Structures are given as C-alpha cells and as structure tokens.
Amino acid sequence: TEPQKQLMVNGRRIDGSAPPLVTSTATNAFGQDIGSAMLTGIGIPGAGCWEITGYLRGAALSFVVWLPA
C-alpha cells in the first residue's frame, strides 16, 4: 500500500574490487502462500564474494553470497 517503496538495497564485493551492484526500484507482490512482500531485482556485476544489505524503516538485513566464475 506504500505509494513510494522505502526498501533500499546495496552491496559490495568483499574479496576484491568490482563495480557496484545494480538494483531495481522495489515493488509490491502478493502470493497466497507468503502473503504481502516487496521485491527488487539485483544485478551482480561479477564473480566473487558479495555482501548484500537491504534497509527498511531503520532496520537492516545482510547476507553474503558466493558467485562462482
């Protein structure tokens, strides 16, 4: 129901240098099994170990992924 989604996502490669992530603007979604959600696309520009963080209303959630070459 938010007219402007407040979800922000960024990331950084933690095992070397790389261009920044590319993210899309957040949008809303609904599924019978999960209920309401917010979605955003993430483009990772290269292989390596990446820390990705989402921010919403003063809270943050981070996770680390390994993208093989």
# chains A, B, ... in the order shown; residues from 1 in each chain; ligands from 1
>>> residues_around(residues="Gly16 of chain A", least_positions_apart="4", cutoff="10 Å", atoms="only C-alpha atoms", output="number ranges by chain")
A: 12, 47-50
>>> write_last_selection(atoms="N, CA and C atoms", output="PDB file, in the first residue's frame")
ATOM      1  N   ARG A  12      28.343  -4.904  -1.792  1.00  0.00           N
ATOM      2  CA  ARG A  12      29.755  -4.675  -2.098  1.00  0.00           C
ATOM      3  C   ARG A  12      30.455  -6.020  -2.177  1.00  0.00           C
ATOM      4  N   ALA A  47      31.910 -12.259 -10.634  1.00  0.00           N
ATOM      5  CA  ALA A  47      32.121 -13.352  -9.683  1.00  0.00           C
ATOM      6  C   ALA A  47      32.780 -12.839  -8.409  1.00  0.00           C
ATOM      7  N   GLY A  48      32.618 -13.607  -7.335  1.00  0.00           N
ATOM      8  CA  GLY A  48      33.260 -13.279  -6.076  1.00  0.00           C
ATOM      9  C   GLY A  48      32.320 -13.405  -4.900  1.00  0.00           C
ATOM     10  N   CYS A  49      32.769 -12.902  -3.771  1.00  0.00           N
ATOM     11  CA  CYS A  49      32.026 -12.943  -2.515  1.00  0.00           C
ATOM     12  C   CYS A  49      31.390 -11.569  -2.296  1.00  0.00           C
ATOM     13  N   TRP A  50      30.081 -11.527  -2.175  1.00  0.00           N
ATOM     14  CA  TRP A  50      29.337 -10.280  -2.091  1.00  0.00           C
ATOM     15  C   TRP A  50      28.509 -10.211  -0.815  1.00  0.00           C
TER      16      TRP A  50
END
>>> closest_residue(among="A:Lys5, A:Thr40, A:Thr23, A:Asn10", to="Ile52 of chain A", atoms="only C-alpha atoms")
A:Asn10
>>> residues_around(residues="Leu61 of chain A", least_positions_apart="2", cutoff="12 Å", atoms="only C-alpha atoms", output="ChimeraX atom specification")
/A:7-11,51-59,63-64
>>> write_last_selection(atoms="C-alpha atoms", output="PDB file, in the first residue's frame")
ATOM      1  CA  LEU A   7      13.141  -0.608   0.586  1.00  0.00           C
ATOM      2  CA  MET A   8      16.734   0.205  -0.385  1.00  0.00           C
ATOM      3  CA  VAL A   9      19.315  -2.437  -1.340  1.00  0.00           C
ATOM      4  CA  ASN A  10      23.055  -2.121  -1.869  1.00  0.00           C
ATOM      5  CA  GLY A  11      26.027  -4.421  -1.872  1.00  0.00           C
ATOM      6  CA  GLU A  51      27.655  -8.779   0.952  1.00  0.00           C
ATOM      7  CA  ILE A  52      24.126  -7.587   0.114  1.00  0.00           C
ATOM      8  CA  THR A  53      22.134  -5.428   2.534  1.00  0.00           C
ATOM      9  CA  GLY A  54      18.510  -4.320   2.471  1.00  0.00           C
ATOM     10  CA  TYR A  55      17.271  -1.343   4.504  1.00  0.00           C
ATOM     11  CA  LEU A  56      13.669  -0.652   5.507  1.00  0.00           C
ATOM     12  CA  ARG A  57      12.329   1.709   8.185  1.00  0.00           C
ATOM     13  CA  GLY A  58      15.510   1.787  10.258  1.00  0.00           C
ATOM     14  CA  ALA A  59      16.143  -1.971  10.072  1.00  0.00           C
ATOM     15  CA  PHE A  63      23.620 -11.748   3.737  1.00  0.00           C
ATOM     16  CA  VAL A  64      26.736 -12.977   1.931  1.00  0.00           C
TER      17      VAL A  64
END
>>> atom_distance(atom1="atom CA of Pro19 of chain A", atom2="atom CA of Ile42 of chain A")
13.2 Å
>>> select_by_dssp(residues="segment 14-45 of chain A", states="strand (DSSP E or B)", output="ChimeraX atom specification")
/A:22-23,27-31,35-39,42-43
>>> write_last_selection(atoms="N, CA and C atoms", output="PDB file, in the first residue's frame")
ATOM      1  N   VAL A  22      23.772  -3.377  -9.297  1.00  0.00           N
ATOM      2  CA  VAL A  22      22.679  -2.647  -9.941  1.00  0.00           C
ATOM      3  C   VAL A  22      21.392  -3.198  -9.352  1.00  0.00           C
ATOM      4  N   THR A  23      20.531  -2.327  -8.845  1.00  0.00           N
ATOM      5  CA  THR A  23      19.266  -2.776  -8.270  1.00  0.00           C
ATOM      6  C   THR A  23      18.112  -2.038  -8.920  1.00  0.00           C
ATOM      7  N   THR A  27       9.073  -3.055  -5.614  1.00  0.00           N
ATOM      8  CA  THR A  27       7.664  -3.107  -5.981  1.00  0.00           C
ATOM      9  C   THR A  27       6.955  -4.063  -5.030  1.00  0.00           C
ATOM     10  N   ASN A  28       5.640  -4.067  -5.080  1.00  0.00           N
ATOM     11  CA  ASN A  28       4.893  -4.944  -4.182  1.00  0.00           C
ATOM     12  C   ASN A  28       4.511  -6.237  -4.886  1.00  0.00           C
ATOM     13  N   ALA A  29       4.206  -7.248  -4.072  1.00  0.00           N
ATOM     14  CA  ALA A  29       3.799  -8.554  -4.588  1.00  0.00           C
ATOM     15  C   ALA A  29       2.884  -9.213  -3.562  1.00  0.00           C
ATOM     16  N   PHE A  30       2.139 -10.202  -4.003  1.00  0.00           N
ATOM     17  CA  PHE A  30       1.297 -10.975  -3.105  1.00  0.00           C
ATOM     18  C   PHE A  30       1.222 -12.403  -3.608  1.00  0.00           C
ATOM     19  N   GLY A  31       1.390 -13.334  -2.692  1.00  0.00           N
ATOM     20  CA  GLY A  31       1.240 -14.756  -3.007  1.00  0.00           C
ATOM     21  C   GLY A  31       0.391 -15.411  -1.934  1.00  0.00           C
ATOM     22  N   GLY A  35       1.792 -14.300   1.433  1.00  0.00           N
ATOM     23  CA  GLY A  35       1.146 -13.026   1.763  1.00  0.00           C
ATOM     24  C   GLY A  35       1.814 -11.877   1.033  1.00  0.00           C
ATOM     25  N   SER A  36       1.810 -10.696   1.636  1.00  0.00           N
ATOM     26  CA  SER A  36       2.380  -9.499   1.018  1.00  0.00           C
ATOM     27  C   SER A  36       3.897  -9.508   1.112  1.00  0.00           C
ATOM     28  N   ALA A  37       4.545  -8.930   0.100  1.00  0.00           N
ATOM     29  CA  ALA A  37       6.006  -8.878   0.055  1.00  0.00           C
ATOM     30  C   ALA A  37       6.436  -7.683  -0.781  1.00  0.00           C
ATOM     31  N   MET A  38       7.711  -7.336  -0.683  1.00  0.00           N
ATOM     32  CA  MET A  38       8.327  -6.352  -1.566  1.00  0.00           C
ATOM     33  C   MET A  38       9.421  -7.055  -2.343  1.00  0.00           C
ATOM     34  N   LEU A  39       9.538  -6.722  -3.622  1.00  0.00           N
ATOM     35  CA  LEU A  39      10.522  -7.345  -4.496  1.00  0.00           C
ATOM     36  C   LEU A  39      11.430  -6.294  -5.101  1.00  0.00           C
ATOM     37  N   ILE A  42      18.310  -7.616  -8.409  1.00  0.00           N
ATOM     38  CA  ILE A  42      19.709  -7.326  -8.094  1.00  0.00           C
ATOM     39  C   ILE A  42      20.568  -7.865  -9.227  1.00  0.00           C
ATOM     40  N   GLY A  43      21.403  -7.013  -9.785  1.00  0.00           N
ATOM     41  CA  GLY A  43      22.364  -7.430 -10.805  1.00  0.00           C
ATOM     42  C   GLY A  43      23.762  -7.400 -10.216  1.00  0.00           C
TER      43      GLY A  43
END
>>> closest_residue(among="A:Pro20, A:Ile14, A:Gln6, A:Trp66", to="Pro45 of chain A", atoms="only C-alpha atoms")
A:Pro20
>>> atom_distance(atom1="atom CA of Ser17 of chain A", atom2="atom CA of Ile44 of chain A")
12.6 Å
>>> decode(residues="segment 9-21 of chain A", atoms="all heavy atoms", output="mmCIF file, in the first residue's frame")
data_model
loop_
_atom_site.group_PDB
_atom_site.id
_atom_site.type_symbol
_atom_site.label_atom_id
_atom_site.label_comp_id
_atom_site.auth_asym_id
_atom_site.auth_seq_id
_atom_site.Cartn_x
_atom_site.Cartn_y
_atom_site.Cartn_z
ATOM 1 N N VAL A 9 18.384 -1.307 -1.336
ATOM 2 C CA VAL A 9 19.315 -2.437 -1.340
ATOM 3 C C VAL A 9 20.643 -1.971 -1.927
ATOM 4 O O VAL A 9 20.668 -1.249 -2.926
ATOM 5 C CB VAL A 9 18.763 -3.612 -2.178
ATOM 6 C CG1 VAL A 9 19.768 -4.757 -2.238
ATOM 7 C CG2 VAL A 9 17.433 -4.099 -1.619
ATOM 8 N N ASN A 10 21.737 -2.358 -1.288
ATOM 9 C CA ASN A 10 23.055 -2.121 -1.869
ATOM 10 C C ASN A 10 23.946 -3.307 -1.542
ATOM 11 O O ASN A 10 23.568 -4.201 -0.804
ATOM 12 C CB ASN A 10 23.658 -0.782 -1.433
ATOM 13 C CG ASN A 10 23.961 -0.702 0.040
ATOM 14 O OD1 ASN A 10 24.251 -1.700 0.681
ATOM 15 N ND2 ASN A 10 23.904 0.485 0.586
ATOM 16 N N GLY A 11 25.118 -3.315 -2.117
ATOM 17 C CA GLY A 11 26.027 -4.421 -1.872
ATOM 18 C C GLY A 11 27.437 -4.055 -2.258
ATOM 19 O O GLY A 11 27.686 -3.061 -2.935
ATOM 20 N N ARG A 12 28.343 -4.904 -1.792
ATOM 21 C CA ARG A 12 29.755 -4.675 -2.098
ATOM 22 C C ARG A 12 30.455 -6.020 -2.177
ATOM 23 O O ARG A 12 30.103 -6.978 -1.475
ATOM 24 C CB ARG A 12 30.414 -3.805 -1.045
ATOM 25 C CG ARG A 12 30.480 -4.452 0.328
ATOM 26 C CD ARG A 12 31.006 -3.505 1.395
ATOM 27 N NE ARG A 12 31.096 -4.185 2.671
ATOM 28 C CZ ARG A 12 32.178 -4.773 3.151
ATOM 29 N NH1 ARG A 12 33.297 -4.755 2.445
ATOM 30 N NH2 ARG A 12 32.174 -5.384 4.316
ATOM 31 N N ARG A 13 31.437 -6.079 -3.035
ATOM 32 C CA ARG A 13 32.261 -7.276 -3.115
ATOM 33 C C ARG A 13 33.258 -7.219 -1.969
ATOM 34 O O ARG A 13 33.934 -6.207 -1.775
ATOM 35 C CB ARG A 13 32.987 -7.344 -4.459
ATOM 36 C CG ARG A 13 33.746 -8.623 -4.619
ATOM 37 C CD ARG A 13 34.272 -8.807 -6.001
ATOM 38 N NE ARG A 13 35.172 -9.968 -6.000
ATOM 39 C CZ ARG A 13 35.955 -10.284 -6.990
ATOM 40 N NH1 ARG A 13 35.970 -9.541 -8.083
ATOM 41 N NH2 ARG A 13 36.735 -11.334 -6.902
ATOM 42 N N ILE A 14 33.355 -8.295 -1.191
ATOM 43 C CA ILE A 14 34.205 -8.268 -0.003
ATOM 44 C C ILE A 14 35.523 -9.023 -0.186
ATOM 45 O O ILE A 14 36.347 -9.033 0.721
ATOM 46 C CB ILE A 14 33.449 -8.772 1.253
ATOM 47 C CG1 ILE A 14 32.899 -10.174 1.052
ATOM 48 C CG2 ILE A 14 32.336 -7.809 1.612
ATOM 49 C CD1 ILE A 14 32.181 -10.731 2.275
ATOM 50 N N ASP A 15 35.739 -9.611 -1.353
ATOM 51 C CA ASP A 15 37.004 -10.314 -1.584
ATOM 52 C C ASP A 15 37.810 -9.684 -2.719
ATOM 53 O O ASP A 15 38.718 -10.301 -3.246
ATOM 54 C CB ASP A 15 36.764 -11.795 -1.856
ATOM 55 C CG ASP A 15 36.031 -12.034 -3.160
ATOM 56 O OD1 ASP A 15 35.361 -11.106 -3.668
ATOM 57 O OD2 ASP A 15 36.110 -13.155 -3.690
ATOM 58 N N GLY A 16 37.506 -8.463 -3.085
ATOM 59 C CA GLY A 16 38.223 -7.785 -4.151
ATOM 60 C C GLY A 16 37.446 -6.567 -4.616
ATOM 61 O O GLY A 16 36.411 -6.231 -4.055
ATOM 62 N N SER A 17 37.936 -5.935 -5.662
ATOM 63 C CA SER A 17 37.245 -4.749 -6.170
ATOM 64 C C SER A 17 36.310 -5.146 -7.304
ATOM 65 O O SER A 17 36.526 -6.133 -7.991
ATOM 66 C CB SER A 17 38.253 -3.713 -6.653
ATOM 67 O OG SER A 17 39.030 -4.259 -7.702
ATOM 68 N N ALA A 18 35.264 -4.355 -7.469
ATOM 69 C CA ALA A 18 34.274 -4.603 -8.522
ATOM 70 C C ALA A 18 33.372 -3.381 -8.631
ATOM 71 O O ALA A 18 33.252 -2.605 -7.680
ATOM 72 C CB ALA A 18 33.441 -5.827 -8.188
ATOM 73 N N PRO A 19 32.723 -3.218 -9.781
ATOM 74 C CA PRO A 19 31.715 -2.164 -9.886
ATOM 75 C C PRO A 19 30.579 -2.432 -8.899
ATOM 76 O O PRO A 19 30.407 -3.563 -8.439
ATOM 77 C CB PRO A 19 31.209 -2.284 -11.327
ATOM 78 C CG PRO A 19 32.222 -3.109 -12.044
ATOM 79 C CD PRO A 19 32.888 -3.964 -11.007
ATOM 80 N N PRO A 20 29.789 -1.423 -8.573
ATOM 81 C CA PRO A 20 28.686 -1.621 -7.621
ATOM 82 C C PRO A 20 27.563 -2.476 -8.206
ATOM 83 O O PRO A 20 27.453 -2.641 -9.423
ATOM 84 C CB PRO A 20 28.202 -0.199 -7.337
ATOM 85 C CG PRO A 20 28.625 0.592 -8.524
ATOM 86 C CD PRO A 20 29.880 -0.043 -9.035
ATOM 87 N N LEU A 21 26.748 -3.000 -7.318
ATOM 88 C CA LEU A 21 25.550 -3.729 -7.728
ATOM 89 C C LEU A 21 24.605 -2.797 -8.470
ATOM 90 O O LEU A 21 24.603 -1.579 -8.253
ATOM 91 C CB LEU A 21 24.780 -4.247 -6.509
ATOM 92 C CG LEU A 21 25.404 -5.317 -5.644
ATOM 93 C CD1 LEU A 21 24.456 -5.655 -4.498
ATOM 94 C CD2 LEU A 21 25.706 -6.551 -6.431
#
